[in-house]
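J.: My structure is below; once you've seen it, I'll send some questions.
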2 protein chains.
Amino acid sequence: MFEDMSKNPAAWLSGGGSESTVVLSTRIRLARNVAGCNYPTTADADTRNRIVDYFDSVIARSELLGKGKYFKATDIADLDRDFLVERHLISPAFLNGEMSKTVLIGPAERLSIMVNEEDHLRIQALSSGLDATGSFDLAQQYETEVGKYLEYDYDKDFGYLTACPTNAGTGMRASVLIHLPGLVLTRDIEKLISRITRAGLIVRGFYGEGSDVLGNLFQVSNQNTLGISESDILNQITHVTKEIIEEEAKARQRLMDEAADMIEDKIWRAFGILKHSRVLTSEEVMNLLSAVRLGHSMNIIDFLDVALINEILLLSQPAHLQKFYGAEMDPNKRDFVRAQMVREKLRNTGP
Amino acid sequence: MFEDMSKNPAAWLSGGGSESTVVLSTRIRLARNVAGCNYPTTADADTRNRIVDYFDSVIARSELLGKGKYFKATDIADLDRDFLVERHLISPAFLNGEMSKTVLIGPAERLSIMVNEEDHLRIQALSSGLDATGSFDLAQQYETEVGKYLEYDYDKDFGYLTACPTNAGTGMRASVLIHLPGLVLTRDIEKLISRITRAGLIVRGFYGEGSDVLGNLFQVSNQNTLGISESDILNQITHVTKEIIEEEAKARQRLMDEAADMIEDKIWRAFGILKHSRVLTSEEVMNLLSAVRLGHSMNIIDFLDVALINEILLLSQPAHLQKFYGAEMDPNKRDFVRAQMVREKLRNTGP
């Protein structure tokens, strides 16, 4: 399953779009629940199955949704579930608890709808680069389409109702995946995170809530979903992201002014290690790629494109690696094969 | 001064000779003093100058010595002195104290004679690889030649007399420069050093007495010079070196049996860093080259030859680097330029 997908990077990691040297991708997620049914967290098996049936019938009737690929969670092997998490098409939470869950994956993997995760429906759209509006438009298109067939739980005062009150109102979470090596190196990142947090946004690691910061990749998303309009959220995330980009640019400039040799050395060593090593953990690849990505965006490494950097990032993850080589492997074997994959991808590159 | 020499590796680091994948070079040093004159350590200025005059006249009369290049210490700039130390043509001790010293450098830099170091004469010969007899023959040839013109201080019971009694008798020190990364990685090196020491030999770092072990390079030399014949010393150093080579081979085999991926990874990362980094200290180059040298001798890195590895080792040293680029540089600048030199030397190499 997903063999085709595993050979190609996801469109949302194409390296295209606005500000794509710093912003990898923009995600919009809309939480929706079907009126009159208990939410998945408290629903019994019958209710959960009924929700799946409802959604099945939407897909059967909607031309737009019918174009997607649709899977029952129970039909997805463990490795494939991990694969979809790595691809940001399902959440880690989708793998927990009752398995009466399904997922629809839209064209080019830019759209997915999880059924019976925390809410009945989680509609998410992804774009490469900074593109909150583009992602929102895509998510909304599907939200509107589904809304033709199902009645959403909506309160005229609160807005959309959700399993967790922190999502109520718009039910919307906008987040950008952003690469901030400059601010990490200048140690200004903590100060920036405090400022962003005070401004009502949340900063997390690559894999979302509770995850470590790997490869200097941060997810910045809105905290508030209630008492604020969708367009306000889009404006806020775009505005704050642009501010962060400016801070990052200043940090990089300061580093080049004060320690250009050290920075270039770090970048080139990372490239040298990626190109030649025989054993690589996924964490190390993320950190080395961070330096190479920095080198690319500073025109120090000018022979690689962002798409290749993103592809290696994606393929380095455990499930992707095993899908790519078509075999399950223990962690030691993976570290060996990961280094082999990275070498193959970088074979004809160099200064 | 020494511009030609600085562009080429020394013959004793050619990478040729016996056992040259493990033994870099073999050195024989003969200490001799002129009869009837105080030794340099206690001699007054007149006596020291007289010794230089004596040696000057030997050079004037001897066809063999006349072929060498002859320098007064006071004519050698500081940088050039460091350069000759790095090339193992003079000792660090040659730079200390009174400067009424001279040095003769023989053809292909395999031979040097220091005048007024610790003894009146220190005749040393160097060979690439393991070749105690070859080095001894060369040193003895010059010793015999000088002996035609000067009478050595000799006692029929003790043998040759020297400033420090630990050199008396043969006045001979035989030493091999040997690369033991396997024994360092398996942590068997300490045990081996104890064994060698108990057998009456001395183990030191790359730059001789009191120096750190860098790049897993060790100098093994005889302790005893008295009550033992020259041929016994040659046999002993050769025999012990062959035993060490066997132990090193066993250690490497054990590493490959138990941790081949880890070893190959270490080797290839070292190559990748050398090939791409922008800042390199001489210590780091020595340690990285150690891994690359190991990779070469295990046929893991098959596109480099030992001569190039030795050349980089030599050129990485501070004085060599400054001679090579024809400019004096502070340590930061050197680290930058050293990385540049290493990249140039490795430019067209790769898997």
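Residues are named by chain letter and number: chains run A, B, ... in the order of the structure tokens, numbers start at 1 in each chain, and ligands are numbered from 1 in the order shown.
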Find the residues around A:Gln340 up to 12 Å (only C-alpha atoms counted), leave out those fewer than 6 positions away in its own chain, and share them as a PyMOL selection string.
T.: (chain A and resi 274-281+312+315-316+321+324-325+333-334+346-347) or (chain B and resi 261+265)
J.: Could you write those residues out with N, CA, C and O atoms, as an mmCIF file, in the first residue's frame?
T.:
```cif
data_model
loop_
_atom_site.group_PDB
_atom_site.id
_atom_site.type_symbol
_atom_site.label_atom_id
_atom_site.label_comp_id
_atom_site.auth_asym_id
_atom_site.auth_seq_id
_atom_site.Cartn_x
_atom_site.Cartn_y
_atom_site.Cartn_z
ATOM 1 N N LEU A 274 26.991 13.865 5.154
ATOM 2 C CA LEU A 274 25.840 13.266 4.466
ATOM 3 C C LEU A 274 26.297 12.495 3.232
ATOM 4 O O LEU A 274 25.811 11.409 2.941
ATOM 5 N N LYS A 275 27.223 13.075 2.509
ATOM 6 C CA LYS A 275 27.648 12.484 1.235
ATOM 7 C C LYS A 275 28.477 11.215 1.416
ATOM 8 O O LYS A 275 28.569 10.398 0.506
ATOM 9 N N HIS A 276 29.100 11.049 2.586
ATOM 10 C CA HIS A 276 30.048 9.939 2.717
ATOM 11 C C HIS A 276 29.772 8.949 3.836
ATOM 12 O O HIS A 276 30.337 7.869 3.820
ATOM 13 N N SER A 277 28.944 9.315 4.809
ATOM 14 C CA SER A 277 28.856 8.426 5.966
ATOM 15 C C SER A 277 28.168 7.114 5.630
ATOM 16 O O SER A 277 27.485 6.983 4.623
ATOM 17 N N ARG A 278 28.367 6.149 6.492
ATOM 18 C CA ARG A 278 27.846 4.783 6.311
ATOM 19 C C ARG A 278 26.757 4.449 7.312
ATOM 20 O O ARG A 278 26.118 3.418 7.195
ATOM 21 N N VAL A 279 26.603 5.262 8.329
ATOM 22 C CA VAL A 279 25.596 5.028 9.364
ATOM 23 C C VAL A 279 25.002 6.391 9.729
ATOM 24 O O VAL A 279 25.751 7.307 10.068
ATOM 25 N N LEU A 280 23.689 6.516 9.631
ATOM 26 C CA LEU A 280 23.036 7.795 9.936
ATOM 27 C C LEU A 280 21.702 7.553 10.641
ATOM 28 O O LEU A 280 20.852 6.833 10.108
ATOM 29 N N THR A 281 21.511 8.154 11.787
ATOM 30 C CA THR A 281 20.186 8.117 12.411
ATOM 31 C C THR A 281 19.306 9.176 11.738
ATOM 32 O O THR A 281 19.822 10.100 11.103
ATOM 33 N N ILE A 312 15.109 14.087 0.784
ATOM 34 C CA ILE A 312 15.968 13.306 1.692
ATOM 35 C C ILE A 312 15.404 13.352 3.116
ATOM 36 O O ILE A 312 15.373 12.347 3.823
ATOM 37 N N LEU A 315 12.426 10.931 3.125
ATOM 38 C CA LEU A 315 12.812 9.520 2.960
ATOM 39 C C LEU A 315 13.653 9.001 4.124
ATOM 40 O O LEU A 315 13.769 7.797 4.313
ATOM 41 N N SER A 316 14.251 9.899 4.890
ATOM 42 C CA SER A 316 15.088 9.470 6.013
ATOM 43 C C SER A 316 14.276 8.946 7.182
ATOM 44 O O SER A 316 14.801 8.258 8.046
ATOM 45 N N LEU A 321 11.761 5.136 4.884
ATOM 46 C CA LEU A 321 12.957 4.396 4.491
ATOM 47 C C LEU A 321 12.606 2.940 4.210
ATOM 48 O O LEU A 321 13.037 2.361 3.201
ATOM 49 N N PHE A 324 10.599 2.739 1.068
ATOM 50 C CA PHE A 324 11.458 3.029 -0.087
ATOM 51 C C PHE A 324 12.231 1.777 -0.485
ATOM 52 O O PHE A 324 12.388 1.480 -1.667
ATOM 53 N N TYR A 325 12.725 1.030 0.508
ATOM 54 C CA TYR A 325 13.502 -0.167 0.204
ATOM 55 C C TYR A 325 12.635 -1.434 0.223
ATOM 56 O O TYR A 325 13.143 -2.534 0.041
ATOM 57 N N LYS A 333 19.901 -1.609 11.114
ATOM 58 C CA LYS A 333 19.881 -1.811 9.672
ATOM 59 C C LYS A 333 19.383 -0.525 8.987
ATOM 60 O O LYS A 333 19.900 -0.111 7.951
ATOM 61 N N ARG A 334 18.377 0.100 9.598
ATOM 62 C CA ARG A 334 17.850 1.348 9.026
ATOM 63 C C ARG A 334 18.927 2.421 8.951
ATOM 64 O O ARG A 334 19.036 3.139 7.961
ATOM 65 N N LEU A 346 22.683 11.963 -3.161
ATOM 66 C CA LEU A 346 23.687 13.034 -3.307
ATOM 67 C C LEU A 346 24.813 12.654 -4.269
ATOM 68 O O LEU A 346 25.762 13.415 -4.454
ATOM 69 N N ARG A 347 24.675 11.464 -4.895
ATOM 70 C CA ARG A 347 25.806 10.915 -5.658
ATOM 71 C C ARG A 347 26.431 11.909 -6.630
ATOM 72 O O ARG A 347 27.626 12.146 -6.616
ATOM 73 N N ASP B 261 30.450 -1.730 10.220
ATOM 74 C CA ASP B 261 29.721 -0.515 9.819
ATOM 75 C C ASP B 261 30.274 0.700 10.535
ATOM 76 O O ASP B 261 30.469 1.764 9.928
ATOM 77 N N ASP B 265 32.040 3.723 8.708
ATOM 78 C CA ASP B 265 31.405 5.030 8.883
ATOM 79 C C ASP B 265 32.428 6.056 9.361
ATOM 80 O O ASP B 265 32.520 7.173 8.818
#
```
J.: For stretch 149-157 of chain B, work out the shell of residues within 9 Å, counting only C-alpha atoms and skipping chain neighbours fewer than 6 positions away, then give it as a list in words.
T.: Arg32, Asn33, Val34, Ala35, Gly36, Cys37, Tyr54, Phe55, Ser57, Val58, Arg61, Ser62 and Gly169 of chain B
J.: Could you pull out the residues in stretch 118-292 of chain B that DSSP calls alpha helix (DSSP H) from the backbone, as a PyMOL selection string?
T.: chain B and resi 132-147+181-185+189-198+230-276+282-292
J.: Write out as a CSV table (one decimal) with N, CA and C atoms, in the first residue's frame each polymer residue whose atoms come within 9 Å of B:Gly295, counting only C-alpha atoms; drop sequence neighbours fewer than 4 positions from it.
T.:
```
chain,number,residue,atom,x,y,z
B,263,ILE,N,33.2,1.2,11.8
B,263,ILE,CA,34.6,1.5,11.4
B,263,ILE,C,34.5,2.2,10.0
B,264,GLU,N,33.7,1.6,9.1
B,264,GLU,CA,33.6,2.2,7.7
B,264,GLU,C,33.0,3.6,7.8
B,267,ILE,N,35.6,6.0,9.0
B,267,ILE,CA,36.6,6.3,7.9
B,267,ILE,C,36.0,7.2,6.8
B,268,TRP,N,34.8,6.9,6.4
B,268,TRP,CA,34.2,7.7,5.4
B,268,TRP,C,33.8,9.1,5.8
B,290,SER,N,44.2,9.9,10.1
B,290,SER,CA,44.4,8.6,10.7
B,290,SER,C,43.3,7.6,10.3
B,291,ALA,N,42.1,8.1,10.3
B,291,ALA,CA,41.0,7.3,9.9
B,291,ALA,C,41.1,7.0,8.4
B,299,ASN,N,41.7,-1.2,2.4
B,299,ASN,CA,41.0,-1.3,1.1
B,299,ASN,C,39.6,-0.8,1.1
B,300,ILE,N,39.3,0.0,2.1
B,300,ILE,CA,37.9,0.7,2.2
B,300,ILE,C,37.9,1.9,1.3
B,301,ILE,N,39.0,2.7,1.5
B,301,ILE,CA,39.3,3.8,0.6
B,301,ILE,C,40.4,3.4,-0.4
B,302,ASP,N,40.0,3.2,-1.6
B,302,ASP,CA,41.0,2.6,-2.6
B,302,ASP,C,41.4,3.6,-3.6
```
J.: For B:Arg254, please output as a VMD selection string all residues within 12 Å (counting only C-alpha atoms; exclusion window: fewer than 2 positions along the same chain).
T.: chain B and resid 182 to 183 185 to 188 247 to 252 256 to 260 263
J.: Which neighbours of A:Glu143 fall inside 10 Å, counting only C-alpha atoms, when residues of the same chain fewer than 6 positions from it are skipped, and could you give them as a PyMOL selection string?
T.: chain A and resi 30-32+113+121-124+137+152
J.: With C-alpha atoms kept, could you save the residues just selected as a compact mmCIF listing (two decimals), in the first residue's frame?
T.:
```
# COMPACT_ATOMS: atom_id res chain seq x y z
CA LEU A 30 -10.52 22.42 10.25
CA ALA A 31 -12.23 20.40 13.01
CA ARG A 32 -15.86 19.51 12.34
CA ILE A 113 -9.72 14.13 5.98
CA LEU A 121 -13.83 15.11 10.88
CA ARG A 122 -10.44 16.70 10.67
CA ILE A 123 -10.00 18.34 7.29
CA GLN A 124 -6.48 19.48 6.56
CA ASP A 137 -9.09 27.77 0.34
CA TYR A 152 -22.07 20.25 11.19
```
J.: In stretch 90-296 of chain A, what's strand (DSSP E or B) per DSSP? Answer as a PyMOL selection string?
T.: chain A and resi 102-105+111-115+121-128+152+154-155+159-160+169+172-179+201-205+208+217-222
J.: If we count only C-alpha atoms, what is near B:Ala77 at a cut-off of 12 Å, once residues fewer than 3 positions away on the same chain are taken out, given as a list in words?
T.: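 Skipping anything fewer than 3 positions along the chain leaves Met1, Phe2, Phe71, Lys72, Ala73, Thr74, Asp80, Arg81, Asp82, Phe83, Leu84, Leu95, Ala319, Lys323 and Glu328 of chain B.
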J.: Counting only C-alpha atoms, which of B:Glu311, B:Glu86, B:Asp131, B:Glu344 gets nearest to chain A?
T.: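 Ranked by minimum distance to chain A, first place goes to B:Glu344.
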J.: Contacts of stretch 214-228 of chain A at 9 Å or less, counting only C-alpha atoms, minus same-chain residues fewer than 4 places along, as a PyMOL selection string?
T.: chain A and resi 24+158-159+165-182+184+196-197+200-208+232-233+236-237+241+283-291
J.: Measuring atom to atom with only C-alpha atoms, identify which of A:Ser128, A:Ser231, A:Ser100, A:Thr26 is nearest to A:Ala307.
T.: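 For A:Ala307, the nearest of the given residues is A:Ser128.
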J.: Considering only C-alpha atoms, can you say which of B:Lys345, B:Arg29, B:Lys266, B:Arg293 comes closest to chain A?
T.: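 Result for the nearest residue to chain A: B:Lys266.
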J.: As an exercise, work out the distance from atom CA of A:Leu64 to atom CA of A:Phe136 in Å and give it to one decimal place.
T.: 16.5 Å
J.: For the atom pair atom CA of A:Val23 and atom CA of A:Asp4, what is the interatomic distance in Å to one decimal place?
T.: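 Atom CA of A:Val23 sits 26.1 Å away from atom CA of A:Asp4.
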J.: Which value, in Å to one decimal, gives the distance between atom CA of A:Arg198 and atom CA of A:Ala132?
T.: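 These two atoms are separated by 21.2 Å.
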